[in-house]
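What follows is my_file-v9.csv (CSV, C-alpha atoms and all ligand atoms).
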```
chain,number,residue,atom,x,y,z
R,1,MET,CA,0.0,0.0,0.0
R,2,ARG,CA,1.4,3.4,-1.1
R,3,PRO,CA,-0.7,6.2,0.4
R,4,ARG,CA,0.0,9.8,-1.0
R,5,SER,CA,-1.4,11.6,2.1
R,6,LEU,CA,-1.4,11.1,5.9
R,7,ASP,CA,-5.2,10.8,5.9
R,8,GLU,CA,-5.0,7.9,3.3
R,9,ALA,CA,-2.3,6.2,5.5
R,10,VAL,CA,-4.4,6.5,8.6
R,11,GLY,CA,-7.3,5.0,6.7
R,12,TYR,CA,-5.2,1.9,5.8
R,13,LEU,CA,-4.1,1.7,9.5
R,14,GLY,CA,-7.7,1.8,10.7
R,15,LYS,CA,-8.6,-1.2,8.4
R,16,HIS,CA,-5.5,-3.4,8.5
R,17,ALA,CA,-3.4,-2.5,11.7
R,18,GLY,CA,-3.3,-6.1,12.9
R,19,ASP,CA,-1.7,-7.4,9.7
R,20,LEU,CA,0.4,-4.5,8.7
R,21,ARG,CA,3.9,-3.2,9.1
R,22,VAL,CA,4.9,0.4,8.4
R,23,LEU,CA,7.8,1.0,6.0
R,24,ALA,CA,9.7,4.3,5.9
R,25,GLY,CA,13.2,4.0,4.4
R,26,GLY,CA,13.1,0.2,4.9
R,27,THR,CA,16.8,0.0,5.9
R,28,ASP,CA,15.9,-1.9,9.0
R,29,LEU,CA,12.5,-3.4,8.2
R,30,ILE,CA,13.5,-5.1,4.9
R,31,PRO,CA,16.5,-7.0,6.4
R,32,SER,CA,14.3,-7.9,9.3
R,33,MET,CA,11.6,-9.2,7.0
R,34,ARG,CA,14.2,-11.3,5.1
R,35,GLN,CA,15.1,-12.9,8.5
R,36,LYS,CA,11.4,-13.5,9.0
R,37,LEU,CA,11.3,-11.4,12.2
R,38,PHE,CA,8.2,-9.7,10.8
R,39,GLU,CA,5.8,-11.5,8.4
R,40,PRO,CA,3.1,-9.0,7.8
R,41,GLN,CA,0.3,-9.5,5.3
R,42,TYR,CA,0.6,-5.8,4.2
R,43,VAL,CA,3.4,-3.3,4.1
R,44,LEU,CA,2.3,0.4,4.4
R,45,ASP,CA,5.0,2.3,2.4
R,46,LEU,CA,5.0,5.9,3.8
R,47,GLY,CA,7.6,7.0,1.2
R,48,HIS,CA,5.2,9.1,-0.9
R,49,ILE,CA,3.7,11.2,1.8
R,50,ALA,CA,5.3,14.6,1.0
R,51,GLU,CA,3.7,16.3,4.0
R,52,LEU,CA,5.9,14.2,6.4
R,53,LYS,CA,9.2,15.3,4.8
R,54,GLY,CA,11.2,18.3,5.7
R,55,ILE,CA,12.7,20.5,8.4
R,56,GLN,CA,10.8,23.7,9.2
R,57,GLU,CA,11.6,26.5,11.6
R,58,ARG,CA,8.6,27.6,13.7
R,59,GLN,CA,9.1,31.3,14.5
R,60,GLY,CA,10.0,31.5,18.2
R,61,SER,CA,9.0,27.9,19.0
R,62,GLY,CA,11.7,25.7,17.7
R,63,ILE,CA,11.9,23.3,14.8
R,64,GLU,CA,9.5,20.7,13.3
R,65,ILE,CA,11.0,17.7,11.5
R,66,GLY,CA,8.7,15.4,9.4
R,67,ALA,CA,9.1,11.7,10.4
R,68,LEU,CA,10.0,10.9,6.8
R,69,THR,CA,12.9,13.3,6.6
R,70,SER,CA,16.0,11.4,5.6
R,71,LEU,CA,19.0,11.2,8.0
R,72,THR,CA,21.1,12.8,5.2
R,73,SER,CA,18.9,15.9,5.2
R,74,ILE,CA,19.2,16.1,8.9
R,75,GLU,CA,23.0,15.6,8.8
R,76,HIS,CA,23.4,18.4,6.2
R,77,SER,CA,20.8,20.9,7.4
R,78,PRO,CA,22.6,24.2,8.1
R,79,LEU,CA,19.8,25.2,10.5
R,80,LEU,CA,20.2,22.0,12.6
R,81,ARG,CA,24.0,22.2,12.4
R,82,ARG,CA,23.9,25.7,13.8
R,83,ARG,CA,21.2,25.4,16.4
R,84,TYR,CA,20.9,21.6,17.4
R,85,SER,CA,24.3,20.3,16.5
R,86,VAL,CA,24.1,17.2,18.7
R,87,LEU,CA,21.4,15.9,16.4
R,88,THR,CA,23.3,16.4,13.2
R,89,GLN,CA,26.4,14.7,14.8
R,90,ALA,CA,24.3,11.7,15.9
R,91,ALA,CA,22.6,11.4,12.5
R,92,ALA,CA,26.0,11.6,10.7
R,93,THR,CA,27.1,8.4,12.6
R,94,VAL,CA,24.1,6.2,11.5
R,95,ALA,CA,25.1,3.3,9.3
R,96,SER,CA,26.6,4.6,6.0
R,97,PRO,CA,25.9,7.4,3.5
R,98,VAL,CA,23.7,5.2,1.3
R,99,LEU,CA,21.7,4.0,4.3
R,100,ARG,CA,21.3,7.6,5.6
R,101,ASN,CA,19.9,8.6,2.2
R,102,MET,CA,17.2,6.0,2.6
R,103,GLY,CA,16.8,5.9,6.4
R,104,THR,CA,14.4,8.4,8.1
R,105,ILE,CA,14.3,10.1,11.5
R,106,GLY,CA,11.0,8.4,12.2
R,107,GLY,CA,12.4,5.0,11.4
R,108,ASN,CA,15.4,5.7,13.6
R,109,ILE,CA,13.2,6.6,16.5
R,110,CYS,CA,11.0,3.6,16.0
R,111,LEU,CA,13.9,1.2,15.4
R,112,ASP,CA,13.3,-2.3,16.7
R,113,THR,CA,15.5,-3.4,19.7
R,114,ARG,CA,18.4,-5.7,18.8
R,115,CYS,CA,20.0,-8.9,20.2
R,116,LEU,CA,22.5,-11.4,18.9
R,117,TRP,CA,19.9,-14.1,19.6
R,118,TYR,CA,17.2,-12.3,17.7
R,119,ASN,CA,18.7,-10.6,14.6
R,120,GLN,CA,19.4,-14.0,12.9
R,121,SER,CA,17.8,-16.1,10.2
R,122,LEU,CA,14.7,-18.3,11.0
R,123,THR,CA,16.9,-21.4,10.8
R,124,TRP,CA,19.4,-20.0,13.2
R,125,ARG,CA,16.7,-18.9,15.7
R,126,LYS,CA,14.9,-22.2,15.4
R,127,SER,CA,18.0,-24.2,16.2
R,128,CYS,CA,18.3,-22.3,19.5
R,129,GLY,CA,14.6,-22.8,20.4
R,130,PHE,CA,13.7,-19.2,19.7
R,131,CYS,CA,13.3,-16.7,22.6
R,132,ILE,CA,10.9,-14.4,24.3
R,133,LYS,CA,11.2,-11.6,21.8
R,134,LYS,CA,9.8,-13.9,19.0
R,135,ASP,CA,8.2,-17.3,19.0
R,136,GLY,CA,9.8,-18.6,22.3
R,137,ASP,CA,9.5,-18.4,26.0
R,138,LEU,CA,13.0,-18.1,27.4
R,139,CYS,CA,15.7,-15.5,27.3
R,140,HIS,CA,19.2,-16.8,26.3
R,141,VAL,CA,20.8,-13.6,27.7
R,142,ALA,CA,19.1,-13.6,31.1
R,143,PRO,CA,17.8,-17.1,31.6
R,144,GLY,CA,15.3,-17.5,34.4
R,145,GLY,CA,13.8,-14.0,33.8
R,146,SER,CA,10.7,-13.2,31.9
R,147,LYS,CA,12.0,-9.9,30.4
R,148,CYS,CA,13.6,-9.3,27.1
R,149,TRP,CA,16.8,-7.1,27.3
R,150,ALA,CA,17.4,-6.6,23.6
R,151,ALA,CA,19.2,-3.3,23.2
R,152,PHE,CA,17.7,-0.2,21.7
R,153,SER,CA,20.4,0.6,19.1
R,154,GLY,CA,19.4,3.9,17.4
R,155,ASP,CA,21.7,6.9,17.5
R,156,THR,CA,19.5,9.9,17.1
R,157,PRO,CA,17.2,9.3,20.0
R,158,ALA,CA,20.0,9.9,22.6
R,159,ALA,CA,20.5,13.3,21.0
R,160,LEU,CA,16.8,14.0,20.8
R,161,LEU,CA,16.4,13.2,24.5
R,162,CYS,CA,19.1,15.7,25.3
R,163,LEU,CA,17.1,18.2,23.2
R,164,SER,CA,13.9,17.5,25.1
R,165,ALA,CA,12.3,16.6,21.8
R,166,GLU,CA,8.6,15.8,21.5
R,167,ILE,CA,6.9,13.6,18.9
R,168,GLU,CA,3.6,13.7,17.3
R,169,ILE,CA,1.7,10.4,17.0
R,170,VAL,CA,-1.3,10.0,14.6
R,171,GLY,CA,-3.9,7.2,14.3
R,172,PRO,CA,-7.6,6.7,13.6
R,173,SER,CA,-8.4,7.9,17.1
R,174,GLY,CA,-6.6,11.2,16.7
R,175,THR,CA,-3.4,13.0,17.2
R,176,ARG,CA,-1.3,13.1,20.4
R,177,LYS,CA,2.0,14.8,21.2
R,178,ILE,CA,4.3,13.3,23.8
R,179,PRO,CA,7.8,13.9,25.1
R,180,LEU,CA,10.2,11.4,23.5
R,181,ARG,CA,11.3,10.3,26.9
R,182,GLU,CA,7.8,8.8,27.4
R,183,PHE,CA,7.9,6.9,24.2
R,184,TYR,CA,10.3,4.1,25.2
R,185,THR,CA,9.1,1.5,27.7
R,186,GLY,CA,12.4,-0.2,28.7
R,187,ASP,CA,11.1,-3.6,27.6
R,188,GLY,CA,12.9,-5.3,24.7
R,189,VAL,CA,9.7,-6.6,23.1
R,190,ALA,CA,7.0,-3.9,23.5
R,191,TYR,CA,9.8,-1.3,23.4
R,192,ARG,CA,7.7,1.7,22.4
R,193,SER,CA,4.4,3.2,23.4
R,194,LEU,CA,2.7,3.0,20.0
R,195,HIS,CA,-0.5,1.3,19.1
R,196,PRO,CA,-0.4,-0.9,15.9
R,197,ASP,CA,-2.7,1.6,14.2
R,198,GLU,CA,-0.5,4.6,15.0
R,199,LEU,CA,2.3,6.4,13.2
R,200,VAL,CA,5.0,8.7,14.4
R,201,THR,CA,4.5,11.8,12.2
R,202,ARG,CA,6.6,14.7,13.4
R,203,VAL,CA,9.5,15.5,15.8
R,204,PHE,CA,9.6,18.9,17.6
R,205,LEU,CA,12.7,20.5,18.9
R,206,PRO,CA,11.9,23.2,21.4
R,207,GLU,CA,13.4,26.7,21.1
R,208,ALA,CA,14.7,26.4,24.7
R,209,ALA,CA,17.0,23.5,23.6
R,210,ALA,CA,18.6,25.5,20.8
R,211,ASP,CA,22.1,26.8,20.7
R,212,PHE,CA,23.6,24.3,23.2
R,213,THR,CA,27.0,23.0,22.6
R,214,GLY,CA,26.5,19.3,21.7
R,215,VAL,CA,28.7,16.3,21.4
R,216,TYR,CA,27.8,12.7,20.3
R,217,ARG,CA,30.2,9.8,20.8
R,218,LYS,CA,29.6,6.2,19.8
R,219,LEU,CA,31.3,2.8,20.0
R,220,ARG,CA,30.9,0.5,17.0
R,221,ILE,CA,32.9,-2.3,15.4
R,222,ARG,CA,33.1,-1.0,11.8
R,223,GLY,CA,33.6,2.7,11.8
R,224,SER,CA,32.1,3.2,8.4
R,225,ILE,CA,28.8,1.3,8.9
R,226,ASP,CA,27.6,0.0,12.2
R,227,TYR,CA,24.9,0.2,14.8
R,228,PRO,CA,26.1,1.7,18.1
R,229,LEU,CA,27.3,-0.7,20.9
R,230,ALA,CA,27.4,2.2,23.2
R,231,GLY,CA,26.4,5.8,22.5
R,232,VAL,CA,26.5,9.1,24.5
R,233,ALA,CA,25.0,12.5,23.8
R,234,VAL,CA,25.8,15.6,25.8
R,235,VAL,CA,24.4,19.1,25.5
R,236,MET,CA,25.6,22.0,27.5
R,237,LYS,CA,25.2,25.8,27.9
R,238,ARG,CA,27.7,27.8,29.9
R,239,SER,CA,27.7,31.2,31.3
R,240,ASN,CA,30.8,32.9,32.6
R,241,GLY,CA,32.6,29.5,32.4
R,242,HIS,CA,30.0,27.8,34.6
R,243,VAL,CA,27.5,25.3,33.4
R,244,ALA,CA,24.1,26.9,33.1
R,245,GLU,CA,22.3,23.8,31.9
R,246,ALA,CA,23.3,20.4,30.6
R,247,ARG,CA,21.9,17.0,29.8
R,248,VAL,CA,23.4,13.6,29.1
R,249,ALA,CA,21.7,10.6,27.4
R,250,ILE,CA,23.0,7.1,26.5
R,251,THR,CA,21.9,4.6,24.0
R,252,ALA,CA,22.6,1.0,22.9
R,253,VAL,CA,23.2,-0.3,26.4
R,254,ASN,CA,19.6,-0.7,27.7
R,255,PRO,CA,16.3,-1.7,26.0
R,256,ALA,CA,15.6,2.1,25.7
R,257,PRO,CA,17.7,5.2,25.2
R,258,VAL,CA,17.7,7.1,28.5
R,259,LEU,CA,18.7,10.4,30.0
R,260,VAL,CA,21.3,9.9,32.7
R,261,LYS,CA,19.6,10.8,36.0
R,262,GLY,CA,21.4,13.2,38.2
R,263,ALA,CA,23.8,14.4,35.5
R,264,SER,CA,22.2,17.7,34.9
R,265,GLU,CA,22.1,18.5,38.6
R,266,ARG,CA,25.7,17.4,39.0
R,267,LEU,CA,26.9,19.7,36.3
R,268,ALA,CA,24.7,22.7,37.0
R,269,GLY,CA,26.6,25.8,38.3
R,270,LYS,CA,30.0,24.1,38.1
R,271,VAL,CA,33.2,24.7,36.1
R,272,VAL,CA,33.9,21.5,34.3
R,273,ASP,CA,37.2,19.8,35.1
R,274,GLU,CA,38.5,16.3,34.9
R,275,ALA,CA,37.1,15.2,38.2
R,276,LEU,CA,33.6,16.5,37.5
R,277,ALA,CA,33.6,14.9,34.0
R,278,GLU,CA,34.7,11.7,35.5
R,279,ALA,CA,31.9,11.8,38.1
R,280,VAL,CA,29.3,12.3,35.4
R,281,GLY,CA,31.0,9.4,33.5
R,282,ASP,CA,30.4,7.2,36.6
R,283,LEU,CA,26.8,8.2,36.7
R,284,ALA,CA,26.3,7.3,33.1
R,285,ALA,CA,28.1,3.9,33.6
R,286,ARG,CA,25.8,3.2,36.5
R,287,THR,CA,22.8,3.9,34.3
R,288,ALA,CA,24.0,1.6,31.6
R,289,LYS,CA,22.9,-2.0,31.9
R,290,PRO,CA,24.5,-3.8,29.0
R,291,LEU,CA,24.1,-7.5,28.7
R,292,THR,CA,25.3,-10.1,26.2
R,293,THR,CA,22.9,-8.9,23.6
R,294,SER,CA,25.5,-7.4,21.4
R,295,ALA,CA,29.1,-7.9,20.1
R,296,LEU,CA,31.8,-6.9,22.6
R,297,THR,CA,31.4,-7.7,26.3
R,298,PRO,CA,29.0,-5.9,28.6
R,299,GLU,CA,31.9,-4.8,30.8
R,300,TYR,CA,33.7,-3.2,27.9
R,301,ARG,CA,30.6,-1.4,26.7
R,302,ARG,CA,29.8,-0.1,30.2
R,303,GLU,CA,33.4,1.1,30.5
R,304,MET,CA,33.2,2.9,27.2
R,305,ILE,CA,30.0,4.6,28.3
R,306,ARG,CA,32.1,6.0,31.2
R,307,VAL,CA,35.0,7.0,29.0
R,308,PHE,CA,32.9,8.5,26.2
R,309,THR,CA,30.7,10.4,28.7
R,310,LYS,CA,33.8,11.9,30.4
R,311,ARG,CA,35.3,12.9,27.0
R,312,ALA,CA,32.0,14.3,25.7
R,313,VAL,CA,31.5,16.4,28.8
R,314,LEU,CA,35.0,17.8,28.6
R,315,ALA,CA,34.6,18.4,24.8
R,316,ALA,CA,31.2,20.2,25.3
R,317,ALA,CA,32.8,22.4,28.0
R,318,SER,CA,35.8,23.3,25.8
R,319,ASN,CA,33.7,24.5,22.8
R,401,LIG,C1,24.2,-2.3,7.9
R,401,LIG,C2,23.3,-1.4,8.7
R,401,LIG,C3,23.9,-0.6,9.6
R,401,LIG,C4,23.1,0.2,10.4
R,401,LIG,N1,23.7,1.1,11.3
R,401,LIG,C5,22.9,1.9,12.1
R,401,LIG,C6,23.5,2.8,13.0
R,401,LIG,O1,24.7,2.9,13.1
R,401,LIG,N2,22.7,3.5,13.8
R,401,LIG,C7,21.3,3.5,13.7
R,401,LIG,O2,20.7,4.2,14.5
R,401,LIG,N3,20.7,2.6,12.9
R,401,LIG,C8,21.5,1.8,12.0
R,401,LIG,N4,20.9,1.0,11.1
R,401,LIG,C9,19.4,0.9,11.1
R,401,LIG,C10,18.7,1.9,10.1
R,401,LIG,O3,19.4,2.0,8.9
R,401,LIG,C11,18.4,3.2,10.8
R,401,LIG,O4,18.0,3.1,12.1
R,401,LIG,C12,17.3,4.0,10.0
R,401,LIG,O5,17.2,5.3,10.6
R,401,LIG,C13,16.0,3.4,10.0
R,401,LIG,O6,15.1,4.2,9.4
R,401,LIG,P1,14.2,3.7,8.1
R,401,LIG,O7,13.4,4.8,7.7
R,401,LIG,O8,15.0,2.9,7.2
R,401,LIG,O9,13.3,2.7,9.0
R,401,LIG,P2,12.5,1.4,8.5
R,401,LIG,O10,13.4,0.3,8.3
R,401,LIG,O11,11.5,1.7,7.4
R,401,LIG,O12,11.6,1.1,9.8
R,401,LIG,C14,12.2,0.8,11.0
R,401,LIG,C15,11.1,0.4,12.1
R,401,LIG,O13,10.4,1.6,12.4
R,401,LIG,C16,9.0,1.5,12.0
R,401,LIG,N5,8.7,2.8,11.5
R,401,LIG,C17,9.4,3.5,10.6
R,401,LIG,N6,8.8,4.7,10.4
R,401,LIG,C18,7.8,4.8,11.3
R,401,LIG,C19,6.8,5.8,11.6
R,401,LIG,N7,6.9,7.0,11.0
R,401,LIG,N8,5.9,5.5,12.5
R,401,LIG,C20,5.8,4.3,13.1
R,401,LIG,N9,6.7,3.3,12.9
R,401,LIG,C21,7.7,3.6,12.0
R,401,LIG,C22,9.0,0.3,11.0
R,401,LIG,O14,7.7,-0.3,11.0
R,401,LIG,C23,10.1,-0.6,11.5
R,401,LIG,O15,9.7,-1.3,12.6
R,401,LIG,C24,21.7,0.2,10.3
R,401,LIG,C25,21.1,-0.7,9.3
R,401,LIG,C26,21.9,-1.5,8.6
R,401,LIG,C27,21.3,-2.4,7.5
R,402,LIG,S1,17.4,-10.4,25.3
R,402,LIG,FE1,16.7,-12.5,25.5
R,402,LIG,S2,14.5,-12.5,24.9
R,402,LIG,FE2,15.4,-10.6,24.2
R,402,LIG,S3,16.1,-11.0,22.1
R,402,LIG,FE3,17.8,-11.5,23.4
R,402,LIG,S4,17.7,-13.6,23.9
R,402,LIG,FE4,15.7,-13.0,23.1
```

Would you encode the structure as structure tokens?
Ligand SMILES: Cc1cc2nc3c(=O)[nH]c(=O)nc-3n(C[C@H](O)[C@H](O)[C@H](O)COP(=O)(O)OP(=O)(O)OC[C@H]3O[C@@H](n4cnc5c(N)ncnc54)[C@H](O)[C@@H]3O)c2cc1C
Ligand code: SF4
Amino acid sequence: MRPRSLDEAVGYLGKHAGDLRVLAGGTDLIPSMRQKLFEPQYVLDLGHIAELKGIQERQGSGIEIGALTSLTSIEHSPLLRRRYSVLTQAAATVASPVLRNMGTIGGNICLDTRCLWYNQSLTWRKSCGFCIKKDGDLCHVAPGGSKCWAAFSGDTPAALLCLSAEIEIVGPSGTRKIPLREFYTGDGVAYRSLHPDELVTRVFLPEAAADFTGVYRKLRIRGSIDYPLAGVAVVMKRSNGHVAEARVAITAVNPAPVLVKGASERLAGKVVDEALAEAVGDLAARTAKPLTTSALTPEYRREMIRVFTKRAVLAAASN
């Protein structure tokens, strides 16, 4: 199904939500369908809905980004580079240039959680007896538990959390706007608060989050094309050398991207030095709960969250 307008798309969602999967750029959905992680009867291709593409400045109230805006457009937007640079930095690290041409911000926000035991072919998963995330009832990563710990592995949501972004969600029962931090549940299976008949349609960056110094750092195996195995976003505003406001968020080490609790308070009013940056790194490492869902050991990934956070805080304070 290829709707040309949002109304048409919502109409399809109202009729077929149970049997349907939404496709934006398809850079994650198509490989997942090939692995039979999703076997929908219908695919709703949003690619022709022009009204959901583009970056617009809202006079005095921040920026609106359509969910179908490509990551390349975000990466190269002069407006975003100037005013919300942490987002352009995070977007520029997603996958590779070709995938960023196809991949959208909405798809990056809605990205499925990932695990070494899940992102495999049907034959592979069958040979292991499947798992809680699909078709099975045990977790190979945390046996004995009933929760899936698959890691949320998108880059831009950590930056968007630092920017206090909100998202618009549209479905047959209407439109709602929520802070992005309320979108993720922390469960590897039902990882987002989105009904099957709903779409993420727009992202809003508030004016109050503009003009912060931003830094994004990420750990990955192949520098040219890989999901994050640990990611850190930092935004900071300083006045007379003291931190006026700052936020830190991490990704790829929990089933959801999360703001690091206590980091803003720890930084507020201080002059950043090695010891303070290290203390914030410790907070971030304590927030990270990596398990054996991904390549590289959990211990190394947690340590890299500590190191990257420290470096990112120091870098943000030196700009
Ligand atoms: C080799 C490779 C490397 C990659 N590396 C990275 C990386 O480094 N960092 C990273 O973040 N990602 C990475 N990805 C994943 C992917 O390319 C990006 O996350 C991309 O932004 C996904 O966007 P998309 O538009 O292609 O999403 P799609 O594949 O179309 O969709 C992804 C998911 O979101 C849902 N969805 C999409 N849009 C909406 C919407 N508007 N409303 C509701 N649901 C929606 C889909 O149903 C699907 O479940 C990689 C992928 C590959 C193949
Ligand atoms: S964390 Fe456990 S339940 Fe979730 S995908 Fe991995 S093995 Fe499956």

* Go through R:Leu87, R:Ala317, R:Met1, R:Leu6 one by one, measure the shortest atom-to-atom distance of each to Thr175 in chain R using all atoms listed in the file, and give the residue with the smallest value. => R:Leu6

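One finds atom C3 of ligand LIG 401 (chain R) at 22.0 Å from CA of Ser85 in chain R.
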
* So which residues are near ligand LIG 402 (chain R), meaning at most 9 Å away with all atoms listed in the file counted, given back as a PyMOL selection string? -> chain R and resi 113-119+130-134+136-143+145-151+187-189+255+291-294

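Atom O7 of ligand LIG 401 (chain R) lies 8.3 Å from CA of Leu29 in chain R.
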
* So which residues are near ligand LIG 401 (chain R), meaning at most 8 Å away with all atoms listed in the file counted, given back as JSON, numbers by chain? -> {"R": [21, 22, 23, 24, 25, 26, 27, 28, 29, 30, 31, 46, 67, 68, 70, 71, 91, 93, 94, 95, 96, 99, 100, 102, 103, 104, 105, 106, 107, 108, 109, 110, 111, 112, 153, 154, 155, 156, 169, 194, 198, 199, 200, 201, 220, 225, 226, 227, 228]}

* **Separation of CA of Gln56 in chain R from CA of Ser73 in chain R, in Å and rounded to one decimal** => 11.9 Å

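You can rank R:Asp45, R:Asp19, R:Glu182, R:Glu207 by their closest distance to Ile63 in chain R using all atoms listed in the file, and at the top of that list sits R:Glu207.
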